[in-house]
Amino acid sequence: MTGIDDAERTISEAPACRLPRPLRPYADIFRVPGAWRFSAAGLIGRMPMSMFGLGTVLLISAATGKYGVAGTVSAAGSLGYALSSPQIARLVDSHGQRRVLLPLLAVFATSTVVLIGAVQLRLPTWAFFPPGAIAGATMPSLGTMVRARWSALLAGSPLLHTAFSFESVGDELCFVVGPAAVTLLATGVFPAAGVIVAALLCVAGTLWFASQRRTEPRITRAAGPAPQVRRAKGPPAPGLVVLAPVYLLLGAMFVSIDLSTVAFAQHFGHKPLAGFILGTYALGSATGGLWYGSRQWRAPTETRFAVTLILTVLGVATFWAQPNLVTLTCCIYLCGLTIAPTLIAGFSLLEAQAKAGRRTEAMSWLSSGIGVGLAVGASVAGFVIDGHGPRAGYVFAAACGVASAVTCLLGLRRLRSPAPRPAE
C-alpha cells in the first residue's frame, strides 16, 4: 500500500474534527501516523538556520571587536551551506536520510566546537574561516527533508498543500524566535551561548528526526540500467532553471530589507526596535501562510506563485517612502502576508515536477538559491547603505524583487509544463 493510501485511510477512519473550519486541514495532516513527531523534530532541528549565522557574528565581534571579520565568517558559512545542500540532498535521495544525517551531524558538531575554541583562544582571525565554513556547509537541511517526508506520505493529495504551508509557517516561526533568542543569549549570558544553544538544538532535533524510521521516504531510483542512472545529469526538475534565480534574487531582497531596517531604525534613534519590526515581517508571513494553507485553490500553482510574488514586490517597493517606524511596521506586516504563500507555491511547483529519486535535491536548490542571495545581497546592500543610507537600501531591495518577478514572468511557460513524474 502506498503512502497516500495509508494517509487517506488513517484520515478517513479518524473521528470527525471539531476545530474551526480553517484549522481542520492542519488537524487532518497530523492524523497521519508519525507526522507530528517528524514535523516537531524538524522544527527543533532547523531553529539554527536563523540562529547560527547571527550567533557567529555576535561571538566573533565580542571577542575581536571587528564586525567585518565576523560578518565575513558568517557569509562563508552561508555560502558553504548553499553550495553543499544540493550535493547532500543528492546523497539523501540515493542512500536515505538517516545514513547521511548522522555523519553529517557529527562533522557539524565537531566544526562548531572548533570554531568556538578558536575564538575563545584568540587565535588569528584566519583560523575562524575553515571551521565556520565547514559548520555552515554541514548544517543539516531539515526543512527540505521534512517536506520530502510529507511529499512521500501525501503525494497526490490536496493535503500536501496544507503540509507545505504548515512547514513554511514553521520556518517563519524560526525567524521570529531565533534571532531574538540568540541575541539574548549572546549578550545576556556569554558571547558563545547563542552558538552553543543553536548547535544543541540542531543535534537534538536531528537525532530525533533521524530516529523516525517509519516515515522516512523509500530510496527511489529511476528506471533503467544502473550505469545509466549513475550517469544521469541535468536539473532534477524543469522549472528549476526559473525558480533558482528567482529564489536567489528573493534572498538578496530579504537580506537587504533586514539590513536597511536596522539602519532605518538606527537613523531614528531606536535601533533595538529593528528586531521587533523584522519579527513583525515574519509574523505577517506566518499569518499569510496559515490562511493560504487552509484553503484549496482552483488557480494553477504557477499562477498563484506569480501573483503572490508580484504582490510581495509591490509591497517592498513602498518601503523607501515610509516616513517613520510606525508606518514601516504596518506596511512591513501587510507585505509579509504574501511571502509564505510565494515560498509555498515555489516548493509545490518543484515537488510536482521533481524527477524520480531526486525530490529532496530539487527542493534543496531553492534553499541554496536563497542562501547565495543572502550572502551576495548582504555585501552589496551593506555598501549601498553605507554610501547612501537606508532608503537607498530599500530601493536596492525593491530592484532585486522586480528582477525576481520579471524572471518569473519570462519563465512562466516552463513552470506551466511540469514533467510527468514516474510512479514511485
# chains A, B, ... in the order shown; residues from 1 in each chain; ligands from 1
call {"tool": "residues_around", "arguments": {"residues": "Cys202 of chain A", "least_positions_apart": "5", "cutoff": "12 Å", "atoms": "only C-alpha atoms", "output": "JSON, numbers by chain"}}
result
{"A": [41, 42, 43, 44, 45, 46, 47, 48, 49, 50, 51, 52, 101, 102, 104, 105, 106, 108, 109, 112, 135, 138, 139, 140, 141, 142, 195, 196, 197, 207, 208, 209, 210]}
call {"tool": "select_by_dssp", "arguments": {"residues": "segment 133-269 of chain A", "states": "helix (DSSP H, G or I)", "output": "PyMOL selection string"}}
result
chain A and resi 133-138+142-154+159-188+193-210+226-230+240-267
call {"tool": "residues_around", "arguments": {"residues": "segment 340-355 of chain A", "least_positions_apart": "6", "cutoff": "7 Å", "atoms": "only C-alpha atoms", "output": "JSON, numbers by chain"}}
result
{"A": [164, 165, 168, 236, 237, 238, 239, 285, 286, 288, 289, 292, 301, 302, 304, 305, 308, 309, 362, 363, 418, 419, 420, 421]}
call {"tool": "write_last_selection", "arguments": {"atoms": "N, CA and C atoms", "output": "PDB file, in the first residue's frame"}}
result
ATOM      1  N   PHE A 164       2.812  21.611   3.297  1.00  0.00           N
ATOM      2  CA  PHE A 164       3.855  22.553   2.899  1.00  0.00           C
ATOM      3  C   PHE A 164       3.612  23.925   3.530  1.00  0.00           C
ATOM      4  N   SER A 165       2.341  24.305   3.629  1.00  0.00           N
ATOM      5  CA  SER A 165       2.023  25.595   4.250  1.00  0.00           C
ATOM      6  C   SER A 165       2.421  25.597   5.716  1.00  0.00           C
ATOM      7  N   SER A 168       6.146  25.993   6.054  1.00  0.00           N
ATOM      8  CA  SER A 168       6.585  27.366   5.794  1.00  0.00           C
ATOM      9  C   SER A 168       6.294  28.272   6.989  1.00  0.00           C
ATOM     10  N   PRO A 236      17.121  18.463 -11.610  1.00  0.00           N
ATOM     11  CA  PRO A 236      16.175  17.483 -11.065  1.00  0.00           C
ATOM     12  C   PRO A 236      14.723  17.830 -11.341  1.00  0.00           C
ATOM     13  N   ALA A 237      14.443  19.051 -11.828  1.00  0.00           N
ATOM     14  CA  ALA A 237      13.086  19.465 -12.189  1.00  0.00           C
ATOM     15  C   ALA A 237      13.193  20.550 -13.254  1.00  0.00           C
ATOM     16  N   PRO A 238      12.346  20.519 -14.291  1.00  0.00           N
ATOM     17  CA  PRO A 238      12.456  21.503 -15.383  1.00  0.00           C
ATOM     18  C   PRO A 238      12.333  22.947 -14.913  1.00  0.00           C
ATOM     19  N   GLY A 239      11.438  23.190 -13.961  1.00  0.00           N
ATOM     20  CA  GLY A 239      11.213  24.556 -13.517  1.00  0.00           C
ATOM     21  C   GLY A 239      12.340  25.145 -12.691  1.00  0.00           C
ATOM     22  N   SER A 285       4.167  36.995   7.492  1.00  0.00           N
ATOM     23  CA  SER A 285       4.358  35.850   6.607  1.00  0.00           C
ATOM     24  C   SER A 285       3.705  34.596   7.177  1.00  0.00           C
ATOM     25  N   ALA A 286       3.864  34.375   8.479  1.00  0.00           N
ATOM     26  CA  ALA A 286       3.250  33.205   9.118  1.00  0.00           C
ATOM     27  C   ALA A 286       1.731  33.281   9.045  1.00  0.00           C
ATOM     28  N   GLY A 288      -0.091  34.857   6.765  1.00  0.00           N
ATOM     29  CA  GLY A 288      -0.475  34.569   5.384  1.00  0.00           C
ATOM     30  C   GLY A 288      -0.337  33.098   5.042  1.00  0.00           C
ATOM     31  N   GLY A 289       0.710  32.457   5.568  1.00  0.00           N
ATOM     32  CA  GLY A 289       0.911  31.041   5.297  1.00  0.00           C
ATOM     33  C   GLY A 289      -0.182  30.169   5.887  1.00  0.00           C
ATOM     34  N   TYR A 292      -3.326  30.728   3.760  1.00  0.00           N
ATOM     35  CA  TYR A 292      -3.135  30.147   2.433  1.00  0.00           C
ATOM     36  C   TYR A 292      -3.253  28.621   2.477  1.00  0.00           C
ATOM     37  N   THR A 301      -0.942  26.360  -9.735  1.00  0.00           N
ATOM     38  CA  THR A 301       0.098  26.737  -8.783  1.00  0.00           C
ATOM     39  C   THR A 301       1.014  27.807  -9.342  1.00  0.00           C
ATOM     40  N   GLU A 302       1.381  27.699 -10.630  1.00  0.00           N
ATOM     41  CA  GLU A 302       2.301  28.678 -11.205  1.00  0.00           C
ATOM     42  C   GLU A 302       1.665  30.064 -11.258  1.00  0.00           C
ATOM     43  N   ARG A 304      -0.608  31.213  -9.051  1.00  0.00           N
ATOM     44  CA  ARG A 304      -0.569  31.694  -7.670  1.00  0.00           C
ATOM     45  C   ARG A 304       0.833  32.168  -7.296  1.00  0.00           C
ATOM     46  N   PHE A 305       1.842  31.439  -7.745  1.00  0.00           N
ATOM     47  CA  PHE A 305       3.220  31.823  -7.456  1.00  0.00           C
ATOM     48  C   PHE A 305       3.528  33.200  -8.038  1.00  0.00           C
ATOM     49  N   THR A 308       1.389  36.085  -6.099  1.00  0.00           N
ATOM     50  CA  THR A 308       1.880  36.414  -4.750  1.00  0.00           C
ATOM     51  C   THR A 308       3.268  37.037  -4.799  1.00  0.00           C
ATOM     52  N   LEU A 309       4.100  36.602  -5.747  1.00  0.00           N
ATOM     53  CA  LEU A 309       5.424  37.203  -5.896  1.00  0.00           C
ATOM     54  C   LEU A 309       5.301  38.670  -6.293  1.00  0.00           C
ATOM     55  N   ALA A 362      15.859  18.453  -5.588  1.00  0.00           N
ATOM     56  CA  ALA A 362      15.158  19.546  -6.274  1.00  0.00           C
ATOM     57  C   ALA A 362      14.800  20.655  -5.298  1.00  0.00           C
ATOM     58  N   MET A 363      14.199  20.291  -4.166  1.00  0.00           N
ATOM     59  CA  MET A 363      13.770  21.315  -3.217  1.00  0.00           C
ATOM     60  C   MET A 363      14.943  21.991  -2.525  1.00  0.00           C
ATOM     61  N   PRO A 418       4.886  21.053 -16.329  1.00  0.00           N
ATOM     62  CA  PRO A 418       5.577  20.106 -15.447  1.00  0.00           C
ATOM     63  C   PRO A 418       5.800  18.774 -16.131  1.00  0.00           C
ATOM     64  N   ALA A 419       6.963  18.213 -15.925  1.00  0.00           N
ATOM     65  CA  ALA A 419       7.253  16.891 -16.477  1.00  0.00           C
ATOM     66  C   ALA A 419       6.520  15.845 -15.685  1.00  0.00           C
ATOM     67  N   PRO A 420       5.874  14.896 -16.326  1.00  0.00           N
ATOM     68  CA  PRO A 420       5.181  13.843 -15.576  1.00  0.00           C
ATOM     69  C   PRO A 420       6.171  13.006 -14.794  1.00  0.00           C
ATOM     70  N   ARG A 421       5.863  12.809 -13.522  1.00  0.00           N
ATOM     71  CA  ARG A 421       6.753  12.040 -12.640  1.00  0.00           C
ATOM     72  C   ARG A 421       6.410  10.554 -12.739  1.00  0.00           C
TER      73      ARG A 421
END
call {"tool": "closest_residue", "arguments": {"among": "A:Pro103, A:Leu409, A:Ser364, A:Gly71", "to": "Leu240 of chain A", "atoms": "only C-alpha atoms"}}
result
A:Ser364
call {"tool": "atom_distance", "arguments": {"atom1": "atom CA of Arg149 of chain A", "atom2": "atom CA of Gly194 of chain A"}}
result
29.6 Å
call {"tool": "closest_residue", "arguments": {"among": "A:Thr206, A:Ser256, A:Ser157, A:Thr183", "to": "Thr56 of chain A", "atoms": "only C-alpha atoms"}}
result
A:Thr183
call {"tool": "residues_around", "arguments": {"residues": "Asn324 of chain A", "least_positions_apart": "4", "cutoff": "12 Å", "atoms": "only C-alpha atoms", "output": "list in words"}}
result
Thr261, Phe264, Ala265, Gln266, His267, Phe268, Gly269, His270, Ile277, Phe319, Trp320, Leu328, Thr329, Cys330, Cys331 and Arg391 of chain A
call {"tool": "residues_around", "arguments": {"residues": "Tyr81 of chain A", "least_positions_apart": "3", "cutoff": "12 Å", "atoms": "only C-alpha atoms", "output": "PyMOL selection string"}}
result
chain A and resi 49+52-53+74-78+84-89+108+132-141+364-365+367-372+374-375
call {"tool": "closest_residue", "arguments": {"among": "A:Pro245, A:Gly389, A:Pro300, A:Gly170", "to": "Leu259 of chain A", "atoms": "only C-alpha atoms"}}
result
A:Gly389
call {"tool": "closest_residue", "arguments": {"among": "A:Pro131, A:Asp28, A:Val189, A:Thr162", "to": "Val119 of chain A", "atoms": "only C-alpha atoms"}}
result
A:Pro131
call {"tool": "closest_residue", "arguments": {"among": "A:Ala299, A:Ser260, A:Pro33, A:Val406", "to": "Val384 of chain A", "atoms": "only C-alpha atoms"}}
result
A:Ser260
call {"tool": "residues_around", "arguments": {"residues": "Thr125 of chain A", "least_positions_apart": "4", "cutoff": "12 Å", "atoms": "only C-alpha atoms", "output": "VMD selection string"}}
result
chain A and resid 60 to 61 63 to 70 72 to 73 115 118 to 121 129 to 132
call {"tool": "residues_around", "arguments": {"residues": "Pro179 of chain A", "least_positions_apart": "2", "cutoff": "9 Å", "atoms": "only C-alpha atoms", "output": "PyMOL selection string"}}
result
chain A and resi 50-51+54-55+174-177+181-184+275+279
